[in-house]
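Colleague: Have a look at this one before I ask anything.
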Amino acid sequence: MDAVRRAARPSRRGVLRAGGGAALAAVAGTAVTGCGAGTDDGVAADGTVTVEMWHGQTDTAKKALEGLVADFERAHPKIKVKLGGGVLADVMLQKVTAALAAGSYPDIAYIFGSDLARVARSPQVVDLTDTVRSGPVPWKSYWAASRDAVTLNGRVRAAPAVLDSLAVVCNRKLFREAGLALPKAGWTWEDFVSSARTLTESGRGRFGTGWPGTGDEDTVWRLWPLIWDLGGDVVDSGGRGIGFADTGARALQVVAELARDESVYVDPKPGSEQMYQVFQSGRMGMVVTGPWQLPDIETAGIDYHVVPLPSFSGRPVTISGPDTWTVFDNGEARSKAARTFLTWLARPEQDARWDIEAGSLPLSRRTEALPAWQDKVARTEGLNVFTTALETARVRPVHPAYPEVSQALGQAIVAVLLGRSTPEKALRACADEANAALLIPR
């Protein structure tokens, strides 16, 4: 199969970037002058338009993008796409923020979905509503997660770039040795906690499961499905407070039970690489992860099984964390060329290539139906579980205060994971900090 190493694409759950939002707020209120990358309008004497794209990818994903760009340029000889940026996706927010402030920014940049609301406050961000709704792929053919992640106040502020979902990957060998049956769709969080306890063997350095312990977005997004399943939300209906004041403590109780049983490996470093290494070394029974991790698990020789996330209700629930291609205004010629490229990239044939080579899930049902993707699913154990989960997947809100809410919840999760606080006390501290952030005019 096409091996897409986790290291080949930077962590999309990087540490929340403190300060980036404040800088963008200042930029949003300023009329930025300049023409993007330098003072050139990007149009050559022969009419060729050059688009600069800060892609944030490395290794396999970068190679896949280069191949797609080469094919696009052959089909569109009057448009050139210059891949650059020089930074990974994890630090793209800082670079784009600085570029906007300096008036020298790209035409397209890879922006995390959790950062889009803040970036979109800049007047230089191009509204793509008309572009996506009149494109060759019907807008409603996209998964709801793809649409929701790029829509702010009813307007489409970016194009979907990558799509994923969370499920649980189990080590079949450890389940057999523990005398446990492999979990099936419809299992509960009580089942998950019980299984983790049974799978743990401290004397042999084995853990039932793992959880990122840095308080970053990788720590946080794993808890939202529990909160949603309990009827909570990230922000309440009025937009002035958190929507999980009542449900957050119950969700954190699952974390507390794992910590109490000492059945959870707490990864102390950003990126979750140590947690995945423990699983791939055969010393962890279950890991909550996305489809990007399957190639590494296969390479490690783990006999694995994929099952949907547990729930409290018995209803399927998961989270998707789409990231975006955000377009910036460097004049009509370059904006039009950028929209042309992203429209081409979203066509099912190109989307399938990107998904297969770079480790994303199909952006639309039309891509999912292609023989190339179906062949990929047939050759990859458990991949269909992640794709099926998109039917009911939810996304985090495109809200400018989301980073502060996430940061507060991240601190609460870590406090419970490390036994420093109870779920109730940690949630109260989280609510105080997050509610204060939500009250700040933006």
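By convention here, the chains of the structure tokens are called A, B, ... in the order presented, each chain's residues are numbered starting at 1, and ligands are numbered starting at 1 in the order presented.
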Near Leu68 (chain A), counting only C-alpha atoms, which residues have an atom at most 10 Å away, once you skip same-chain residues fewer than 2 positions from it, shown as an MDAnalysis selection string?
Modeller: chainID A and resid 62:66 70:73 344:345 350:351 353:354
Colleague: Within 12 Å of Pro183 (chain A), counting only C-alpha atoms, which residues qualify if same-chain residues fewer than 4 places away don't, as a PyMOL selection string?
Modeller: chain A and resi 167-172+175-176+187-192+194-196+285-286+304-310
Colleague: Find, counting only C-alpha atoms, the residue in A:Arg133, A:Arg147, A:Lys336, A:Arg260 that gets nearest to Val193 (chain A).
Modeller: A:Arg260
Colleague: Could you name the residues that touch Arg334 (chain A) at 9 Å or less, counting only C-alpha atoms, but leaving out those on the same chain fewer than 5 positions away, as a list of chain:residue names?
Modeller: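 Close residues of Arg334 (chain A): A:Asp41, A:Gly42, A:Val43, A:Val49, A:Thr50, A:Val51, A:Glu52, A:Asp107, A:Asp329, A:Arg339.
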Colleague: Sorted by chain and rising residue number, which residues of region 26-112 of chain A lie within 8 Å of region 313-324 of chain A, and what are their closest atom pairs and distances in Å to one decimal, counting only C-alpha atoms, as JSON lines?
Modeller:
```
{"residue": "A:Tyr110", "atom": "CA", "partner": "A:Thr324", "partner_atom": "CA", "distance": 5.7}
{"residue": "A:Ile111", "atom": "CA", "partner": "A:Thr324", "partner_atom": "CA", "distance": 5.2}
{"residue": "A:Phe112", "atom": "CA", "partner": "A:Asp323", "partner_atom": "CA", "distance": 4.6}
```
Colleague: I want to know what sits within 12 Å of Val395 (chain A), based on only C-alpha atoms, with residues of the same chain fewer than 4 positions away left out; could you give that as a PyMOL selection string?
Modeller: chain A and resi 113-114+143-151+163-166+221-222+224-225+228+233-234+317-323+390+399+402
Colleague: Out of region 213-312 of chain A, which residues get helix (DSSP H, G or I) from DSSP, as a VMD selection string?
Modeller: chain A and resid 217 to 220 224 to 229 248 to 260 273 to 280 291 to 299
Colleague: Could the residues in this selection be saved with N, CA, C and O atoms as a short mmCIF file (atom, residue, chain, number, x, y, z; two decimals), in the first residue's frame?
Modeller:
```cif
data_model
loop_
_atom_site.label_atom_id
_atom_site.label_comp_id
_atom_site.auth_asym_id
_atom_site.auth_seq_id
_atom_site.Cartn_x
_atom_site.Cartn_y
_atom_site.Cartn_z
N GLU A 217 -3.94 21.05 21.50
CA GLU A 217 -5.15 20.65 20.80
C GLU A 217 -5.25 19.14 20.64
O GLU A 217 -6.34 18.58 20.59
N ASP A 218 -4.10 18.45 20.58
CA ASP A 218 -4.12 17.00 20.49
C ASP A 218 -4.72 16.39 21.75
O ASP A 218 -5.38 15.35 21.72
N THR A 219 -4.47 17.05 22.89
CA THR A 219 -5.06 16.61 24.16
C THR A 219 -6.57 16.84 24.16
O THR A 219 -7.35 15.98 24.61
N VAL A 220 -6.98 17.98 23.62
CA VAL A 220 -8.35 18.45 23.78
C VAL A 220 -9.35 17.80 22.83
O VAL A 220 -10.45 17.41 23.25
N TRP A 224 -13.93 16.14 22.98
CA TRP A 224 -15.17 16.72 22.46
C TRP A 224 -16.23 15.66 22.10
O TRP A 224 -17.42 15.88 22.36
N PRO A 225 -15.87 14.51 21.52
CA PRO A 225 -16.92 13.53 21.24
C PRO A 225 -17.68 13.08 22.49
O PRO A 225 -18.90 12.83 22.42
N LEU A 226 -16.99 12.99 23.62
CA LEU A 226 -17.66 12.61 24.86
C LEU A 226 -18.64 13.70 25.29
O LEU A 226 -19.77 13.42 25.68
N ILE A 227 -18.19 14.94 25.18
CA ILE A 227 -19.05 16.07 25.57
C ILE A 227 -20.26 16.17 24.65
O ILE A 227 -21.40 16.37 25.12
N TRP A 228 -20.05 16.04 23.35
CA TRP A 228 -21.17 16.10 22.40
C TRP A 228 -22.17 14.97 22.66
O TRP A 228 -23.38 15.19 22.60
N ASP A 229 -21.65 13.79 22.92
CA ASP A 229 -22.53 12.64 23.14
C ASP A 229 -23.40 12.84 24.38
O ASP A 229 -24.53 12.35 24.44
N GLY A 248 -19.10 18.58 30.94
CA GLY A 248 -17.65 18.46 30.92
C GLY A 248 -17.09 17.60 32.04
O GLY A 248 -16.18 16.80 31.84
N ALA A 249 -17.67 17.75 33.24
CA ALA A 249 -17.17 16.97 34.37
C ALA A 249 -17.42 15.48 34.17
O ALA A 249 -16.58 14.64 34.53
N ARG A 250 -18.58 15.14 33.58
CA ARG A 250 -18.86 13.71 33.32
C ARG A 250 -17.90 13.17 32.29
O ARG A 250 -17.43 12.02 32.42
N ALA A 251 -17.58 13.94 31.26
CA ALA A 251 -16.61 13.49 30.27
C ALA A 251 -15.23 13.33 30.90
O ALA A 251 -14.52 12.34 30.65
N LEU A 252 -14.87 14.27 31.76
CA LEU A 252 -13.56 14.19 32.42
C LEU A 252 -13.49 13.02 33.40
O LEU A 252 -12.40 12.55 33.74
N GLN A 253 -14.65 12.53 33.85
CA GLN A 253 -14.66 11.39 34.75
C GLN A 253 -14.05 10.16 34.08
O GLN A 253 -13.39 9.34 34.74
N VAL A 254 -14.25 10.02 32.77
CA VAL A 254 -13.62 8.91 32.04
C VAL A 254 -12.11 9.03 32.11
O VAL A 254 -11.39 8.04 32.35
N VAL A 255 -11.60 10.24 31.93
CA VAL A 255 -10.16 10.48 32.04
C VAL A 255 -9.68 10.15 33.45
O VAL A 255 -8.63 9.52 33.65
N ALA A 256 -10.46 10.57 34.45
CA ALA A 256 -10.09 10.32 35.84
C ALA A 256 -10.03 8.83 36.15
O ALA A 256 -9.14 8.36 36.88
N GLU A 257 -10.97 8.06 35.60
CA GLU A 257 -10.98 6.62 35.85
C GLU A 257 -9.76 5.94 35.22
O GLU A 257 -9.16 5.03 35.81
N LEU A 258 -9.38 6.38 34.03
CA LEU A 258 -8.17 5.83 33.40
C LEU A 258 -6.94 6.15 34.23
O LEU A 258 -6.05 5.30 34.43
N ALA A 259 -6.88 7.39 34.74
CA ALA A 259 -5.74 7.79 35.57
C ALA A 259 -5.73 7.03 36.89
O ALA A 259 -4.67 6.58 37.35
N ARG A 260 -6.90 6.85 37.49
CA ARG A 260 -7.00 6.10 38.76
C ARG A 260 -6.51 4.67 38.61
O ARG A 260 -5.81 4.13 39.48
N GLU A 273 4.01 11.53 19.55
CA GLU A 273 4.85 10.51 18.94
C GLU A 273 5.23 9.42 19.92
O GLU A 273 5.30 8.24 19.56
N GLN A 274 5.49 9.78 21.19
CA GLN A 274 5.85 8.75 22.16
C GLN A 274 4.68 7.79 22.41
O GLN A 274 4.88 6.58 22.53
N MET A 275 3.48 8.33 22.48
CA MET A 275 2.30 7.49 22.68
C MET A 275 2.16 6.49 21.54
O MET A 275 1.93 5.29 21.77
N TYR A 276 2.34 6.98 20.30
CA TYR A 276 2.23 6.08 19.16
C TYR A 276 3.37 5.06 19.15
O TYR A 276 3.19 3.91 18.75
N GLN A 277 4.54 5.46 19.59
CA GLN A 277 5.66 4.52 19.64
C GLN A 277 5.39 3.40 20.63
O GLN A 277 5.74 2.24 20.38
N VAL A 278 4.76 3.74 21.76
CA VAL A 278 4.41 2.70 22.74
C VAL A 278 3.43 1.72 22.11
O VAL A 278 3.58 0.49 22.26
N PHE A 279 2.43 2.22 21.39
CA PHE A 279 1.48 1.33 20.73
C PHE A 279 2.17 0.48 19.68
O PHE A 279 1.95 -0.74 19.59
N GLN A 280 3.01 1.09 18.89
CA GLN A 280 3.66 0.36 17.79
C GLN A 280 4.72 -0.61 18.28
O GLN A 280 5.12 -1.52 17.53
N PRO A 291 -6.81 8.11 10.62
CA PRO A 291 -6.32 7.23 9.55
C PRO A 291 -4.87 7.46 9.19
O PRO A 291 -4.23 6.57 8.62
N TRP A 292 -4.34 8.64 9.54
CA TRP A 292 -2.94 8.92 9.20
C TRP A 292 -1.98 7.96 9.88
O TRP A 292 -0.85 7.77 9.42
N GLN A 293 -2.41 7.34 10.99
CA GLN A 293 -1.50 6.49 11.76
C GLN A 293 -1.43 5.06 11.25
O GLN A 293 -0.51 4.31 11.61
N LEU A 294 -2.37 4.64 10.41
CA LEU A 294 -2.43 3.25 9.98
C LEU A 294 -1.16 2.77 9.27
O LEU A 294 -0.70 1.65 9.54
N PRO A 295 -0.56 3.55 8.37
CA PRO A 295 0.66 3.05 7.72
C PRO A 295 1.78 2.74 8.70
O PRO A 295 2.48 1.73 8.56
N ASP A 296 1.97 3.61 9.72
CA ASP A 296 3.00 3.35 10.72
C ASP A 296 2.69 2.08 11.51
O ASP A 296 3.59 1.30 11.85
N ILE A 297 1.43 1.88 11.82
CA ILE A 297 1.03 0.69 12.58
C ILE A 297 1.27 -0.57 11.76
O ILE A 297 1.76 -1.59 12.28
N GLU A 298 0.95 -0.51 10.47
CA GLU A 298 1.22 -1.66 9.59
C GLU A 298 2.71 -1.91 9.46
O GLU A 298 3.17 -3.06 9.51
N THR A 299 3.48 -0.84 9.30
CA THR A 299 4.93 -0.97 9.16
C THR A 299 5.54 -1.61 10.41
O THR A 299 6.50 -2.39 10.33
#
```
Colleague: Which parts of region 119-312 of chain A does DSSP call strand (DSSP E) when run on the backbone here, written out as a PyMOL selection string?
Modeller: chain A and resi 151-152+155-156+159-162+167-171+209-212+233-235+242-243+264-267+286-289+304-307
Colleague: Compare A:Asp216, A:Gly154, A:Pro77, A:Ala98 by their minimum atom-to-atom distance to Gly47 (chain A), counting only C-alpha atoms, and give me the closest one.
Modeller: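 Using only C-alpha atoms, the shortest distance to Gly47 (chain A) belongs to A:Pro77.
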Colleague: For each of A:Met53, A:Val126, A:Ala245, A:Leu88, take the minimum atom-to-atom distance to Asn435 (chain A), counting only C-alpha atoms, then give the residue where this is smallest.
Modeller: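 Of the candidates, the smallest distance to Asn435 (chain A) is held by A:Ala245.
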